[in-house]
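**Student:** Please see the structure below; I have some questions.
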Amino acid sequence: MKMEDAIDAALRNVALHGDTDIFPFPFENLAFSDKPVEARAILEAIHKDFPNWISTYPPQTIPTLAQVGYTGFRWATLIDPFWNAYYLALVISIADQIEAQRLPESAGAVFSYRFSWQNSEAKLFKDSTWIDFRKRCLELSKSFPVVVQTDISDFYPRIYHHRIENALHRLPSPGDLPKRIMALLGSFSKNVSYGLPIGGPASRILAELGLNGVDTLLVRKGIKFCRYADDFAIFCADKAEAYRTLVFLSEKLANEGLVLQKKKTRIISAEEFRHTAQILDPAEATDKLATEEQKLLNISIRFDPYSPTAVEDYEELKDAVGQIDIIGILGREIAKTTIDSAVSKQAIQAISVLKQNQQEEAIKMLLDGDNLMTLAPVFVTVMRIVRDIYPKCSPEFQKLVDGILCDLYTQQSPLLSVEVNLAYYLQALAGNQTQRKEELLVKLYDETANPLIRRTIILTMARWNCFYWLSDVKNKYGAMSIFERRGFLLASYFLGDEGRYWRDYTKPTWQSPEVYIRDWFSNRFQSNKSVPV
């Protein structure tokens, strides 16, 4: 794909879908949607004079802890959205070449992130590949008596940069893009020679390229396997073959600097595999034998309000969800010692199309007592649905939610010690203004150094028109990260003349991305004085 087309594709993709499933949606992506021509001009300027830009306006990142399961944690990296969009554009421009190097889909082995640009929806990957992966695994388990289940430990953080670089140089016509991509990866990782930023499609495409050599070796050895990202299922004639294959895979991954997760590696019978995978076995939602959970997992909860058939799609989604006891499923999950994250996430997301009284009942259940600790692996999903449902709830219920959320902080819930959890918690807290909430945010801003948390607080205080605090924090602008500075740039519009004088005073030091954000929000503020938290 030509670079100019790749820049357009990258901007449209992040504007519509975001670039990560880990972090909150940054307001820069809204600007990309509202003012795409101007955003494209900035990325084209970066591309035209890349060495100067990366030296004088280097990418700023926020390394942040995110929760995985109950006791697992991983580092994720939030990238400055402008550099993130450029990184994605670089990878998209050669994604067709990367896809052509991978094992073909017809091999029925590798299902993750098959690149296929869908212009109408600005999507990068083919749909339903996870479902296809599960179907193929279950199909193969009927022909092989033994299955190896395993996955790669800390996959993205361990990928060697030089392996990616070599693979990029082997593409038919990569031009100078490998050099640019490697410069960005080095900057993102603070010059450490391994690790891809977790969560975004650019890293997913590069990671698939990095594993292609291992995939090819397995096929050439006649090993029957299925892979989705870092998850492997290998199908064998007996346990001896399974053991030998596991040793072979471990050796080949070691050559790439990768290792398998010991706790998640199992050699099991095909019958046991099918039993444990039963809940993920794609069953027709109309199948009377399918459980409520299976029916739920077969529904696509993702709703596109900008679709030409948005009204019909929403009604169809409501009808499908209405045939399932969502609150009953949530109750069964909460009653467990360990929840099924896939089922819980889907059930929580389905709350969005329930009736208001059912929504309030479900939210009350999620936030009650020890339930949040039981739901720790999906805490972010809980906070997202609370944030989205809150404006539609009755004033009495909003007060109840406000009290519960404030108590989480004052009682020092361990869930809020995870920074990504805290970021989504603050979004859920940003509804109605109360004195207790203001005091909480003022205290938290002084206690934290995380730019993501600080930026969210700045935007929330602007939404609440807390001019006294904004006027004071303005004096700390020079010490802020680029994330906080852009957040305060938006907040300055709530300071009236004081904010205008401040913008005029600081304007000479701004780079084109900040000028772009100022112009975008200036237009937005005149017609809509809300702040995108």
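Naming scheme: A, B, ... for chains in displayed order of the structure tokens; residues 1 onward per chain; ligands 1 onward as shown.
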So that I can check the secondary structure, give me every residue of segment 140-241 of chain A assigned strand (DSSP E) by backbone DSSP, as a list in words.

**Tutor:** Val146, Val147, Val148, Gln149, Thr150, Asp151, Lys224, Phe225, Cys226, Arg227, Tyr228, Asp231, Phe232, Ala233, Ile234, Phe235 and Cys236 of chain A

**Student:** For segment 320-325 of chain A, please output as a PyMOL selection string all residues within 8 Å (counting only C-alpha atoms; exclusion window: fewer than 5 positions along the same chain).

**Tutor:** chain A and resi 292+295-296+299+350+353-354

**Student:** Suppose we keep N, CA, C and O atoms; can you now write the selection as a PDB file, in the first residue's frame?

**Tutor:**
ATOM      1  N   GLU A 292     -26.993 -21.123  28.378  1.00  0.00           N
ATOM      2  CA  GLU A 292     -27.154 -19.671  28.273  1.00  0.00           C
ATOM      3  C   GLU A 292     -25.812 -19.019  27.955  1.00  0.00           C
ATOM      4  O   GLU A 292     -25.732 -18.081  27.168  1.00  0.00           O
ATOM      5  N   LYS A 295     -24.889 -19.476  24.287  1.00  0.00           N
ATOM      6  CA  LYS A 295     -25.686 -18.572  23.454  1.00  0.00           C
ATOM      7  C   LYS A 295     -25.142 -17.149  23.527  1.00  0.00           C
ATOM      8  O   LYS A 295     -25.062 -16.447  22.520  1.00  0.00           O
ATOM      9  N   LEU A 296     -24.769 -16.741  24.733  1.00  0.00           N
ATOM     10  CA  LEU A 296     -24.241 -15.397  24.917  1.00  0.00           C
ATOM     11  C   LEU A 296     -22.948 -15.205  24.122  1.00  0.00           C
ATOM     12  O   LEU A 296     -22.752 -14.178  23.467  1.00  0.00           O
ATOM     13  N   ILE A 299     -23.147 -14.219  20.455  1.00  0.00           N
ATOM     14  CA  ILE A 299     -23.664 -12.914  20.058  1.00  0.00           C
ATOM     15  C   ILE A 299     -22.515 -11.921  19.965  1.00  0.00           C
ATOM     16  O   ILE A 299     -21.671 -11.844  20.846  1.00  0.00           O
ATOM     17  N   ALA A 350     -23.184  -6.892  27.594  1.00  0.00           N
ATOM     18  CA  ALA A 350     -24.586  -7.022  27.183  1.00  0.00           C
ATOM     19  C   ALA A 350     -25.515  -6.152  28.020  1.00  0.00           C
ATOM     20  O   ALA A 350     -26.644  -5.866  27.600  1.00  0.00           O
ATOM     21  N   VAL A 353     -27.591  -3.052  26.500  1.00  0.00           N
ATOM     22  CA  VAL A 353     -28.841  -3.076  25.735  1.00  0.00           C
ATOM     23  C   VAL A 353     -30.019  -3.592  26.566  1.00  0.00           C
ATOM     24  O   VAL A 353     -31.086  -3.860  26.025  1.00  0.00           O
ATOM     25  N   LEU A 354     -29.831  -3.728  27.876  1.00  0.00           N
ATOM     26  CA  LEU A 354     -30.942  -4.104  28.733  1.00  0.00           C
ATOM     27  C   LEU A 354     -31.820  -2.876  29.014  1.00  0.00           C
ATOM     28  O   LEU A 354     -31.431  -1.732  28.755  1.00  0.00           O
TER      29      LEU A 354
END

**Student:** Set the distance at 7 Å and use only C-alpha atoms: which residues neighbour segment 164-171 of chain A once local chain neighbours fewer than 6 positions away are removed? I'd like the list as a list in words.

**Tutor:**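 Here the qualifying residues turn out to be Gln97, Pro178, Met182, Leu206, Leu209 and Gly210 of chain A.
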
**Student:** Quick one: contact table of segment 16-69 of chain A to segment 417-422 of chain A, 9 Å max, nearest atom pair and distance in Å to one decimal per residue, counting only C-alpha atoms, chain and number order, as a tab-separated table?

**Tutor:**
residue	atom	partner	partner_atom	distance
A:Ile22	CA	A:Val420	CA	7.7
A:Phe23	CA	A:Val420	CA	6.8
A:Pro24	CA	A:Val420	CA	8.4
A:Thr64	CA	A:Glu419	CA	6.2
A:Leu65	CA	A:Glu419	CA	5.6
A:Ala66	CA	A:Val420	CA	5.4
A:Gln67	CA	A:Val418	CA	6.8

**Student:** Export all heavy atoms of the chosen residues as a PDB file, in the first residue's frame?

**Tutor:**
ATOM      1  N   ILE A  22      -6.371  -2.052  25.628  1.00  0.00           N
ATOM      2  CA  ILE A  22      -5.910  -1.948  27.014  1.00  0.00           C
ATOM      3  C   ILE A  22      -6.235  -0.592  27.614  1.00  0.00           C
ATOM      4  O   ILE A  22      -6.801  -0.497  28.699  1.00  0.00           O
ATOM      5  CB  ILE A  22      -4.393  -2.216  27.103  1.00  0.00           C
ATOM      6  CG1 ILE A  22      -4.077  -3.646  26.645  1.00  0.00           C
ATOM      7  CG2 ILE A  22      -3.879  -1.971  28.525  1.00  0.00           C
ATOM      8  CD1 ILE A  22      -2.608  -3.953  26.582  1.00  0.00           C
ATOM      9  N   PHE A  23      -5.900   0.480  26.897  1.00  0.00           N
ATOM     10  CA  PHE A  23      -6.008   1.824  27.459  1.00  0.00           C
ATOM     11  C   PHE A  23      -7.313   2.510  27.063  1.00  0.00           C
ATOM     12  O   PHE A  23      -7.909   2.190  26.038  1.00  0.00           O
ATOM     13  CB  PHE A  23      -4.830   2.681  26.984  1.00  0.00           C
ATOM     14  CG  PHE A  23      -3.496   2.209  27.474  1.00  0.00           C
ATOM     15  CD1 PHE A  23      -2.644   1.508  26.634  1.00  0.00           C
ATOM     16  CD2 PHE A  23      -3.089   2.457  28.769  1.00  0.00           C
ATOM     17  CE1 PHE A  23      -1.406   1.066  27.072  1.00  0.00           C
ATOM     18  CE2 PHE A  23      -1.854   2.019  29.218  1.00  0.00           C
ATOM     19  CZ  PHE A  23      -1.010   1.323  28.374  1.00  0.00           C
ATOM     20  N   PRO A  24      -7.731   3.505  27.873  1.00  0.00           N
ATOM     21  CA  PRO A  24      -8.879   4.325  27.478  1.00  0.00           C
ATOM     22  C   PRO A  24      -8.618   5.025  26.152  1.00  0.00           C
ATOM     23  O   PRO A  24      -7.480   5.320  25.786  1.00  0.00           O
ATOM     24  CB  PRO A  24      -9.000   5.347  28.625  1.00  0.00           C
ATOM     25  CG  PRO A  24      -8.334   4.700  29.796  1.00  0.00           C
ATOM     26  CD  PRO A  24      -7.226   3.874  29.215  1.00  0.00           C
ATOM     27  N   THR A  64       2.749   1.307  31.765  1.00  0.00           N
ATOM     28  CA  THR A  64       1.734   1.220  32.806  1.00  0.00           C
ATOM     29  C   THR A  64       1.397  -0.237  33.093  1.00  0.00           C
ATOM     30  O   THR A  64       1.378  -1.063  32.187  1.00  0.00           O
ATOM     31  CB  THR A  64       0.453   1.968  32.371  1.00  0.00           C
ATOM     32  OG1 THR A  64       0.790   3.322  32.092  1.00  0.00           O
ATOM     33  CG2 THR A  64      -0.598   1.952  33.451  1.00  0.00           C
ATOM     34  N   LEU A  65       1.101  -0.524  34.339  1.00  0.00           N
ATOM     35  CA  LEU A  65       0.766  -1.882  34.745  1.00  0.00           C
ATOM     36  C   LEU A  65      -0.702  -2.187  34.449  1.00  0.00           C
ATOM     37  O   LEU A  65      -1.587  -1.386  34.749  1.00  0.00           O
ATOM     38  CB  LEU A  65       1.033  -2.049  36.242  1.00  0.00           C
ATOM     39  CG  LEU A  65       1.209  -3.478  36.772  1.00  0.00           C
ATOM     40  CD1 LEU A  65       2.433  -4.129  36.163  1.00  0.00           C
ATOM     41  CD2 LEU A  65       1.310  -3.456  38.296  1.00  0.00           C
ATOM     42  N   ALA A  66      -0.951  -3.339  33.842  1.00  0.00           N
ATOM     43  CA  ALA A  66      -2.317  -3.808  33.562  1.00  0.00           C
ATOM     44  C   ALA A  66      -2.495  -5.189  34.172  1.00  0.00           C
ATOM     45  O   ALA A  66      -1.541  -5.964  34.291  1.00  0.00           O
ATOM     46  CB  ALA A  66      -2.565  -3.860  32.059  1.00  0.00           C
ATOM     47  N   GLN A  67      -3.737  -5.505  34.561  1.00  0.00           N
ATOM     48  CA  GLN A  67      -4.029  -6.766  35.241  1.00  0.00           C
ATOM     49  C   GLN A  67      -4.337  -7.875  34.243  1.00  0.00           C
ATOM     50  O   GLN A  67      -5.005  -7.666  33.235  1.00  0.00           O
ATOM     51  CB  GLN A  67      -5.220  -6.588  36.185  1.00  0.00           C
ATOM     52  CG  GLN A  67      -5.486  -7.793  37.071  1.00  0.00           C
ATOM     53  CD  GLN A  67      -6.262  -7.434  38.318  1.00  0.00           C
ATOM     54  OE1 GLN A  67      -6.499  -6.260  38.601  1.00  0.00           O
ATOM     55  NE2 GLN A  67      -6.657  -8.430  39.085  1.00  0.00           N
TER      56      GLN A  67
END

**Student:** Which residues, written as a ChimeraX atom specification, have at least one atom at most 9 Å from Asp154 of chain A, with only C-alpha atoms counted and residues fewer than 4 positions away on the same chain left out?

**Tutor:** /A:74,158-159,230,258-261

**Student:** Please produce an output containing N, CA and C atoms for each residue in the selection, written as a tab-separated table (two decimals), in the first residue's frame.

**Tutor:**
chain	number	residue	atom	x	y	z
A	74	ARG	N	0.97	-7.31	33.76
A	74	ARG	CA	1.91	-7.11	32.66
A	74	ARG	C	2.07	-5.62	32.40
A	158	ARG	N	8.97	-9.99	24.99
A	158	ARG	CA	10.20	-10.75	24.80
A	158	ARG	C	10.68	-10.82	23.34
A	159	ILE	N	9.90	-10.29	22.41
A	159	ILE	CA	10.27	-10.42	20.99
A	159	ILE	C	11.52	-9.60	20.69
A	230	ASP	N	-0.36	-16.10	20.75
A	230	ASP	CA	0.61	-16.87	21.53
A	230	ASP	C	0.06	-18.20	22.02
A	258	LEU	N	12.16	-16.82	23.12
A	258	LEU	CA	10.84	-17.03	23.70
A	258	LEU	C	10.78	-18.35	24.45
A	259	VAL	N	9.91	-18.41	25.46
A	259	VAL	CA	9.71	-19.65	26.22
A	259	VAL	C	8.22	-19.89	26.41
A	260	LEU	N	7.88	-21.15	26.68
A	260	LEU	CA	6.48	-21.52	26.91
A	260	LEU	C	6.13	-21.32	28.39
A	261	GLN	N	4.85	-21.03	28.63
A	261	GLN	CA	4.36	-20.91	30.01
A	261	GLN	C	4.28	-22.30	30.63

**Student:** How close does each residue of segment 6-62 of chain A get to segment 194-202 of chain A, giving the shortest atom pair and distance in Å to one decimal for every residue with an atom at most 12 Å away, counting only C-alpha atoms, sorted by chain and residue number, as JSON lines?

**Tutor:**
{"residue": "A:Ala6", "atom": "CA", "partner": "A:Ala202", "partner_atom": "CA", "distance": 11.9}
{"residue": "A:Ala10", "atom": "CA", "partner": "A:Ala202", "partner_atom": "CA", "distance": 9.6}
{"residue": "A:Asn13", "atom": "CA", "partner": "A:Pro201", "partner_atom": "CA", "distance": 9.7}
{"residue": "A:Val14", "atom": "CA", "partner": "A:Gly200", "partner_atom": "CA", "distance": 9.5}
{"residue": "A:His17", "atom": "CA", "partner": "A:Gly200", "partner_atom": "CA", "distance": 10.6}
{"residue": "A:Gly18", "atom": "CA", "partner": "A:Gly200", "partner_atom": "CA", "distance": 8.5}
{"residue": "A:Asp19", "atom": "CA", "partner": "A:Gly200", "partner_atom": "CA", "distance": 5.0}
{"residue": "A:Thr20", "atom": "CA", "partner": "A:Gly200", "partner_atom": "CA", "distance": 4.6}
{"residue": "A:Asp21", "atom": "CA", "partner": "A:Gly199", "partner_atom": "CA", "distance": 5.8}
{"residue": "A:Ile22", "atom": "CA", "partner": "A:Gly199", "partner_atom": "CA", "distance": 6.3}
{"residue": "A:Phe23", "atom": "CA", "partner": "A:Gly199", "partner_atom": "CA", "distance": 8.6}
{"residue": "A:Pro24", "atom": "CA", "partner": "A:Gly199", "partner_atom": "CA", "distance": 11.8}
{"residue": "A:Thr61", "atom": "CA", "partner": "A:Pro197", "partner_atom": "CA", "distance": 9.9}
{"residue": "A:Ile62", "atom": "CA", "partner": "A:Pro197", "partner_atom": "CA", "distance": 10.6}

**Student:** Those same residues, written as a PDB file, in the first residue's frame with N, CA, C and O atoms?

**Tutor:**
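What ended up in result_14.pdb:
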ATOM      1  N   ALA A   6      -1.656   4.461   3.326  1.00  0.00           N
ATOM      2  CA  ALA A   6      -1.479   3.828   4.642  1.00  0.00           C
ATOM      3  C   ALA A   6      -1.730   4.819   5.774  1.00  0.00           C
ATOM      4  O   ALA A   6      -2.288   4.465   6.812  1.00  0.00           O
ATOM      5  N   ALA A  10      -4.492   4.278   8.592  1.00  0.00           N
ATOM      6  CA  ALA A  10      -4.143   4.272  10.015  1.00  0.00           C
ATOM      7  C   ALA A  10      -5.006   5.258  10.794  1.00  0.00           C
ATOM      8  O   ALA A  10      -5.523   4.938  11.870  1.00  0.00           O
ATOM      9  N   ASN A  13      -8.572   3.961  11.025  1.00  0.00           N
ATOM     10  CA  ASN A  13      -8.678   2.795  11.896  1.00  0.00           C
ATOM     11  C   ASN A  13      -8.654   3.195  13.374  1.00  0.00           C
ATOM     12  O   ASN A  13      -9.490   2.747  14.156  1.00  0.00           O
ATOM     13  N   VAL A  14      -7.694   4.052  13.762  1.00  0.00           N
ATOM     14  CA  VAL A  14      -7.614   4.425  15.177  1.00  0.00           C
ATOM     15  C   VAL A  14      -8.773   5.335  15.575  1.00  0.00           C
ATOM     16  O   VAL A  14      -9.245   5.306  16.720  1.00  0.00           O
ATOM     17  N   HIS A  17     -11.839   2.687  15.715  1.00  0.00           N
ATOM     18  CA  HIS A  17     -11.728   1.486  16.554  1.00  0.00           C
ATOM     19  C   HIS A  17     -10.750   1.630  17.717  1.00  0.00           C
ATOM     20  O   HIS A  17     -10.673   0.734  18.554  1.00  0.00           O
ATOM     21  N   GLY A  18     -10.011   2.747  17.767  1.00  0.00           N
ATOM     22  CA  GLY A  18      -8.953   2.841  18.767  1.00  0.00           C
ATOM     23  C   GLY A  18      -7.772   1.996  18.318  1.00  0.00           C
ATOM     24  O   GLY A  18      -7.848   1.252  17.342  1.00  0.00           O
ATOM     25  N   ASP A  19      -6.684   2.117  19.026  1.00  0.00           N
ATOM     26  CA  ASP A  19      -5.508   1.351  18.610  1.00  0.00           C
ATOM     27  C   ASP A  19      -5.104   0.315  19.649  1.00  0.00           C
ATOM     28  O   ASP A  19      -4.135  -0.406  19.462  1.00  0.00           O
ATOM     29  N   THR A  20      -5.838   0.207  20.715  1.00  0.00           N
ATOM     30  CA  THR A  20      -5.464  -0.732  21.758  1.00  0.00           C
ATOM     31  C   THR A  20      -6.696  -1.169  22.525  1.00  0.00           C
ATOM     32  O   THR A  20      -7.648  -0.398  22.669  1.00  0.00           O
ATOM     33  N   ASP A  21      -6.679  -2.395  22.990  1.00  0.00           N
ATOM     34  CA  ASP A  21      -7.779  -2.886  23.819  1.00  0.00           C
ATOM     35  C   ASP A  21      -7.423  -2.798  25.305  1.00  0.00           C
ATOM     36  O   ASP A  21      -8.101  -3.371  26.146  1.00  0.00           O
ATOM     37  N   ILE A  22      -6.371  -2.052  25.628  1.00  0.00           N
ATOM     38  CA  ILE A  22      -5.910  -1.948  27.014  1.00  0.00           C
ATOM     39  C   ILE A  22      -6.235  -0.592  27.614  1.00  0.00           C
ATOM     40  O   ILE A  22      -6.801  -0.497  28.699  1.00  0.00           O
ATOM     41  N   PHE A  23      -5.900   0.480  26.897  1.00  0.00           N
ATOM     42  CA  PHE A  23      -6.008   1.824  27.459  1.00  0.00           C
ATOM     43  C   PHE A  23      -7.313   2.510  27.063  1.00  0.00           C
ATOM     44  O   PHE A  23      -7.909   2.190  26.038  1.00  0.00           O
ATOM     45  N   PRO A  24      -7.731   3.505  27.873  1.00  0.00           N
ATOM     46  CA  PRO A  24      -8.879   4.325  27.478  1.00  0.00           C
ATOM     47  C   PRO A  24      -8.618   5.025  26.152  1.00  0.00           C
ATOM     48  O   PRO A  24      -7.480   5.320  25.786  1.00  0.00           O
ATOM     49  N   THR A  61       6.053   8.004  25.787  1.00  0.00           N
ATOM     50  CA  THR A  61       5.265   6.812  26.111  1.00  0.00           C
ATOM     51  C   THR A  61       4.962   6.783  27.606  1.00  0.00           C
ATOM     52  O   THR A  61       5.635   7.445  28.402  1.00  0.00           O
ATOM     53  N   ILE A  62       3.935   6.008  27.949  1.00  0.00           N
ATOM     54  CA  ILE A  62       3.599   5.785  29.358  1.00  0.00           C
ATOM     55  C   ILE A  62       3.597   4.282  29.611  1.00  0.00           C
ATOM     56  O   ILE A  62       2.666   3.585  29.204  1.00  0.00           O
TER      57      ILE A  62
END

**Student:** Residues near Val148 of chain A, anyone? I mean within 6 Å using only C-alpha atoms, not counting same-chain ones fewer than 2 positions away, as a ChimeraX atom specification.

**Tutor:** /A:233-234,266-267
